[in-house]
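Quick notes on the structure that follows.
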Amino acid sequence: MKKTNIYVLGLLLAAKLIPMSAIAQGDPVPYALSIRADDLKKHLTFIASDSLKGRNTGSAEQLVAANYIADSFKKSGIAPVNGSYFQKVDLVNRAWTNVFISAKGKKYEYLGEMMANALAPVAANSKFPVVFAGFGVQQGGYTDFDKLNAKGKYVLAFEGEAKDAAGLYVLSGSKDPSVFGKGDGWKEKLKRSQAAGAKGLILISSKSEKDFGNEMRQRQIMMKRFGNERMVFTDQASVANEAPVLMVSSMVAAEILGISEADLLAHKSDLVRQKKSLTAKFKPAPVSLTIERTEKPVDTYNVVGFLEGTDKKEEVIVITAHYDHIGVSADGKINNGANDDGSGTVTVMQVAEAFGRAAAAGNKPRRSILFMTVTGEEKGLLGSEYYANHPLFPLENTVCDLNIDMTGRRDEGHEGKPDYIYVIGSDKLSSQLHDVLLEQNKQHMGLDLDFTFNDPNDPNRFYYRSDHYNFAKKKIPVAFFFNGVHEDYHQPTDDVEKIDFDQVQKIGRLVFYMAWDITNRNERLKVDSNKP
């Protein structure tokens with residue numbers, strides 16, 4: 001064999017021994033080091049400025065932030081998706097503007113004399129007969145819906161279920177309530193009422209008149225602070241089986257029934273003592289209802305940037321943060337949301353820039369990366385939920401989501417200990433994702449990885465409270481990076497001046513190293529865990 005042939009054969013054998021990932025990867029360190037505290041601060045100084053008025057979902061100022069993020073992606077060499085950096089999220093703003101009941105010439109206003117577990121539109125001054133149904137229960141000795149003529153009427157029933165003198169629930173015989181007595185037991189009562197043909201449900205509160213009034217006042221305060229609007233998806237704005245579920249005090253219920261409050265409560269005591277349904281000779285007055293709803297389209301977007309991979313480009317990893325915040329308080333104070341989640345937003349921007357630098361230098365990742373700052377997190381994880389239901393890339397090709405939410409502050413448990421990060425969810429669906437976290441942190445960053453909030457019994461339930469969860473629900477592995485709650489959480493004092501940019505930088509670099517590993521490894525991360 002000639003020397004030349006031996007040399008070539010040697011090269012081919014050597015190439016086979018070197019993993020493809022090593023050839024594609026290059027050295028990630030120079031690009032990770034390009035994620036710098038001063039650049040993060042420059043971006044956050046704009047994102048969390050007073051001029052953006054807290055980036056409330058659907059506001060003109062949030063759109064300014066969206067354009068700023070998209071421009072950063074473009075400058076970094078990160079491409080749009082299908083020709084656009086914006087994924088429109090179809091939302092409407094729903095508000096209840098005129099809600100009241102009238103009976104026997106008296107008017108009961110929403111949050112004046114009544115509350116609601118659920119609202120649905122009812123044309124102005126629509127009249128309905130009312131039928132009394134005890135506890136509104138169909139189990140054991142309670143057969144409240146047997147022979148109940150509820151068609152076209154409103155069912156009036158006591159909240160919850162019977163509880164004896166020993167504090168035990170009658171239906172279960174224990175301290176655990178049945179489905180009718182749980183916090184959402186009203187849903188079961190509504191289901192039974194609708195099955196009987198009822199148009200809605202009026203519950204009689206189990207609270208005293210004083211406690212009922214206090215709860216209404218608390219709701220009034222919350223409404224003044226957060227407004228009377230709720231965002232929902234456009235295609236979910238009207239639900240065919242929705243119906244009002246109203247809550248009144250025992251005094252108001254007695255007025256509707258035409259009896260004294262004492263007689264009503266005495267009947268309730270009889271129901272508890274007899275442990276069964278009892279005939280009541282009450283003759284409820286008809287009620288007149290008005291429930292008016294307005295709906296306005298919301299102009300809001302997820303901001304997306306895409307870096308196409310090489311030989312495994314069909315597989316996509318996603319890196320997310322939410323760029324919305326809670327806007328301006330009722331008292332006119334701006335909630336800038338520098339940490340929540342300005343810190344995560346600018347981190348995604350800088351990680352994208354670092355990958356853009358690598359690609360420009362000939363080190364494109366093997367798998368593709370979608371960089372996404374989502375809208376509507378503060379309204380109920382709406383932007384990420386919309387993406388999960390309307391993905392720009394098939395979910396079956398989505399490898400994982402690395403989500404960054406609040407990484408620029410320290411909580412009380414870590415005062416004086418800046419080199420830490422809470423990580424949540426990394427082991428719940430993929431043991432390999434968790435291993436990547438541990439390996440990359442050990443090799444490059446040396447952060448104290450705190451898994452306190454990863455405990456399924458943790459009462460804070462942070463795993464369910466940020467955008468990664470909408471990916472996890474689709475069985476896509478996730479890792480959530482979070483520094484904990486601080487005294488300025490959701491306050492006007494969450495400002496840029498309080499951000500530790502060295503800390504944001506370290507967490508951004510860790511996310512970069514993890515993404516570099518995941519995009520360039522030979523095998524896709526396995527979904528091999530099913531932890532709560």
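In the structure tokens, chains take the letters A, B, ... in the order shown, each chain's residues start at 1, and ligands count up from 1 in the order shown.
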Near A:Pro286, counting only C-alpha atoms, which residues have an atom at most 12 Å away, once you skip same-chain residues fewer than 6 positions from it, shown as an mmCIF file with N, CA, C and O atoms, in the first residue's frame?
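That gives us selection-v7.cif:
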```cif
data_model
loop_
_atom_site.group_PDB
_atom_site.id
_atom_site.type_symbol
_atom_site.label_atom_id
_atom_site.label_comp_id
_atom_site.auth_asym_id
_atom_site.auth_seq_id
_atom_site.Cartn_x
_atom_site.Cartn_y
_atom_site.Cartn_z
ATOM 1 N N ILE A 101 -78.830 41.700 39.888
ATOM 2 C CA ILE A 101 -80.076 40.919 39.993
ATOM 3 C C ILE A 101 -81.140 41.833 40.582
ATOM 4 O O ILE A 101 -80.853 42.634 41.475
ATOM 5 N N SER A 102 -82.355 41.670 40.121
ATOM 6 C CA SER A 102 -83.492 42.343 40.751
ATOM 7 C C SER A 102 -84.510 41.292 41.163
ATOM 8 O O SER A 102 -84.757 40.332 40.433
ATOM 9 N N ALA A 103 -85.084 41.475 42.341
ATOM 10 C CA ALA A 103 -86.137 40.580 42.826
ATOM 11 C C ALA A 103 -87.038 41.362 43.764
ATOM 12 O O ALA A 103 -86.547 42.087 44.644
ATOM 13 N N LYS A 104 -88.333 41.243 43.556
ATOM 14 C CA LYS A 104 -89.324 41.934 44.406
ATOM 15 C C LYS A 104 -89.036 43.432 44.509
ATOM 16 O O LYS A 104 -89.137 44.027 45.588
ATOM 17 N N GLY A 105 -88.617 44.020 43.403
ATOM 18 C CA GLY A 105 -88.400 45.451 43.365
ATOM 19 C C GLY A 105 -87.078 45.913 43.939
ATOM 20 O O GLY A 105 -86.774 47.107 43.915
ATOM 21 N N LYS A 106 -86.276 44.977 44.452
ATOM 22 C CA LYS A 106 -84.963 45.339 44.996
ATOM 23 C C LYS A 106 -83.864 44.952 44.005
ATOM 24 O O LYS A 106 -83.948 43.919 43.345
ATOM 25 N N ASN A 125 -82.256 42.875 31.761
ATOM 26 C CA ASN A 125 -83.567 42.686 32.385
ATOM 27 C C ASN A 125 -84.289 41.410 31.924
ATOM 28 O O ASN A 125 -85.500 41.382 31.777
ATOM 29 N N SER A 126 -83.495 40.350 31.724
ATOM 30 C CA SER A 126 -84.089 39.050 31.400
ATOM 31 C C SER A 126 -84.701 38.450 32.661
ATOM 32 O O SER A 126 -84.074 38.438 33.720
ATOM 33 N N LYS A 127 -85.924 37.953 32.550
ATOM 34 C CA LYS A 127 -86.633 37.431 33.722
ATOM 35 C C LYS A 127 -86.627 35.902 33.737
ATOM 36 O O LYS A 127 -86.827 35.262 32.708
ATOM 37 N N PHE A 128 -86.396 35.354 34.941
ATOM 38 C CA PHE A 128 -86.338 33.903 35.101
ATOM 39 C C PHE A 128 -87.060 33.497 36.384
ATOM 40 O O PHE A 128 -86.882 34.134 37.434
ATOM 41 N N PRO A 129 -87.834 32.417 36.356
ATOM 42 C CA PRO A 129 -88.333 31.829 37.597
ATOM 43 C C PRO A 129 -87.160 31.239 38.389
ATOM 44 O O PRO A 129 -86.109 30.932 37.822
ATOM 45 N N VAL A 130 -87.359 31.065 39.677
ATOM 46 C CA VAL A 130 -86.326 30.491 40.545
ATOM 47 C C VAL A 130 -86.902 29.263 41.247
ATOM 48 O O VAL A 130 -88.062 29.260 41.658
ATOM 49 N N VAL A 131 -86.077 28.219 41.373
ATOM 50 C CA VAL A 131 -86.482 27.015 42.087
ATOM 51 C C VAL A 131 -85.446 26.725 43.169
ATOM 52 O O VAL A 131 -84.244 26.825 42.936
ATOM 53 N N PHE A 132 -85.916 26.407 44.374
ATOM 54 C CA PHE A 132 -85.028 26.126 45.501
ATOM 55 C C PHE A 132 -84.663 24.644 45.512
ATOM 56 O O PHE A 132 -85.522 23.777 45.344
ATOM 57 N N GLY A 152 -85.424 26.084 32.244
ATOM 58 C CA GLY A 152 -85.575 27.511 31.978
ATOM 59 C C GLY A 152 -85.506 28.392 33.204
ATOM 60 O O GLY A 152 -85.758 29.601 33.122
ATOM 61 N N LYS A 153 -85.151 27.811 34.360
ATOM 62 C CA LYS A 153 -85.149 28.549 35.624
ATOM 63 C C LYS A 153 -83.730 28.714 36.166
ATOM 64 O O LYS A 153 -82.767 28.174 35.622
ATOM 65 N N TYR A 154 -83.615 29.449 37.266
ATOM 66 C CA TYR A 154 -82.368 29.527 38.029
ATOM 67 C C TYR A 154 -82.531 28.694 39.285
ATOM 68 O O TYR A 154 -83.557 28.775 39.972
ATOM 69 N N VAL A 155 -81.527 27.867 39.560
ATOM 70 C CA VAL A 155 -81.536 27.040 40.767
ATOM 71 C C VAL A 155 -80.915 27.833 41.905
ATOM 72 O O VAL A 155 -79.827 28.423 41.765
ATOM 73 N N LEU A 156 -81.589 27.885 43.035
ATOM 74 C CA LEU A 156 -81.086 28.527 44.258
ATOM 75 C C LEU A 156 -80.739 27.428 45.245
ATOM 76 O O LEU A 156 -81.584 26.589 45.578
ATOM 77 N N GLU A 255 -84.715 37.048 51.225
ATOM 78 C CA GLU A 255 -85.583 38.039 50.584
ATOM 79 C C GLU A 255 -86.141 37.502 49.268
ATOM 80 O O GLU A 255 -87.315 37.717 48.940
ATOM 81 N N ILE A 256 -85.305 36.795 48.491
ATOM 82 C CA ILE A 256 -85.771 36.205 47.235
ATOM 83 C C ILE A 256 -86.817 35.122 47.505
ATOM 84 O O ILE A 256 -87.796 34.969 46.767
ATOM 85 N N LEU A 257 -86.627 34.380 48.603
ATOM 86 C CA LEU A 257 -87.536 33.287 48.956
ATOM 87 C C LEU A 257 -88.793 33.781 49.663
ATOM 88 O O LEU A 257 -89.752 33.024 49.848
ATOM 89 N N GLY A 258 -88.781 35.031 50.109
ATOM 90 C CA GLY A 258 -89.942 35.588 50.793
ATOM 91 C C GLY A 258 -90.120 35.075 52.200
ATOM 92 O O GLY A 258 -91.247 34.955 52.707
#
```
For A:Asn117, find every residue with an atom within 8 Å (counting only C-alpha atoms), except residues of its own chain fewer than 2 positions away, and show them as a ChimeraX atom specification. /A:115,119,186,244-247
Using only C-alpha atoms, pick whichever of A:Glu378, A:Asp500, A:Asp450, A:Glu308 has the shortest atom-to-atom distance to A:His325.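 Closest to A:His325 of all the choices is A:Glu378.
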Find the residues around A:Ala162 up to 9 Å (only C-alpha atoms counted), leave out those fewer than 5 positions away in its own chain, and share them as a count of residues only. 12
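Note that atom CA of A:Met223 and atom CA of A:Val99 are 14.4 Å apart.
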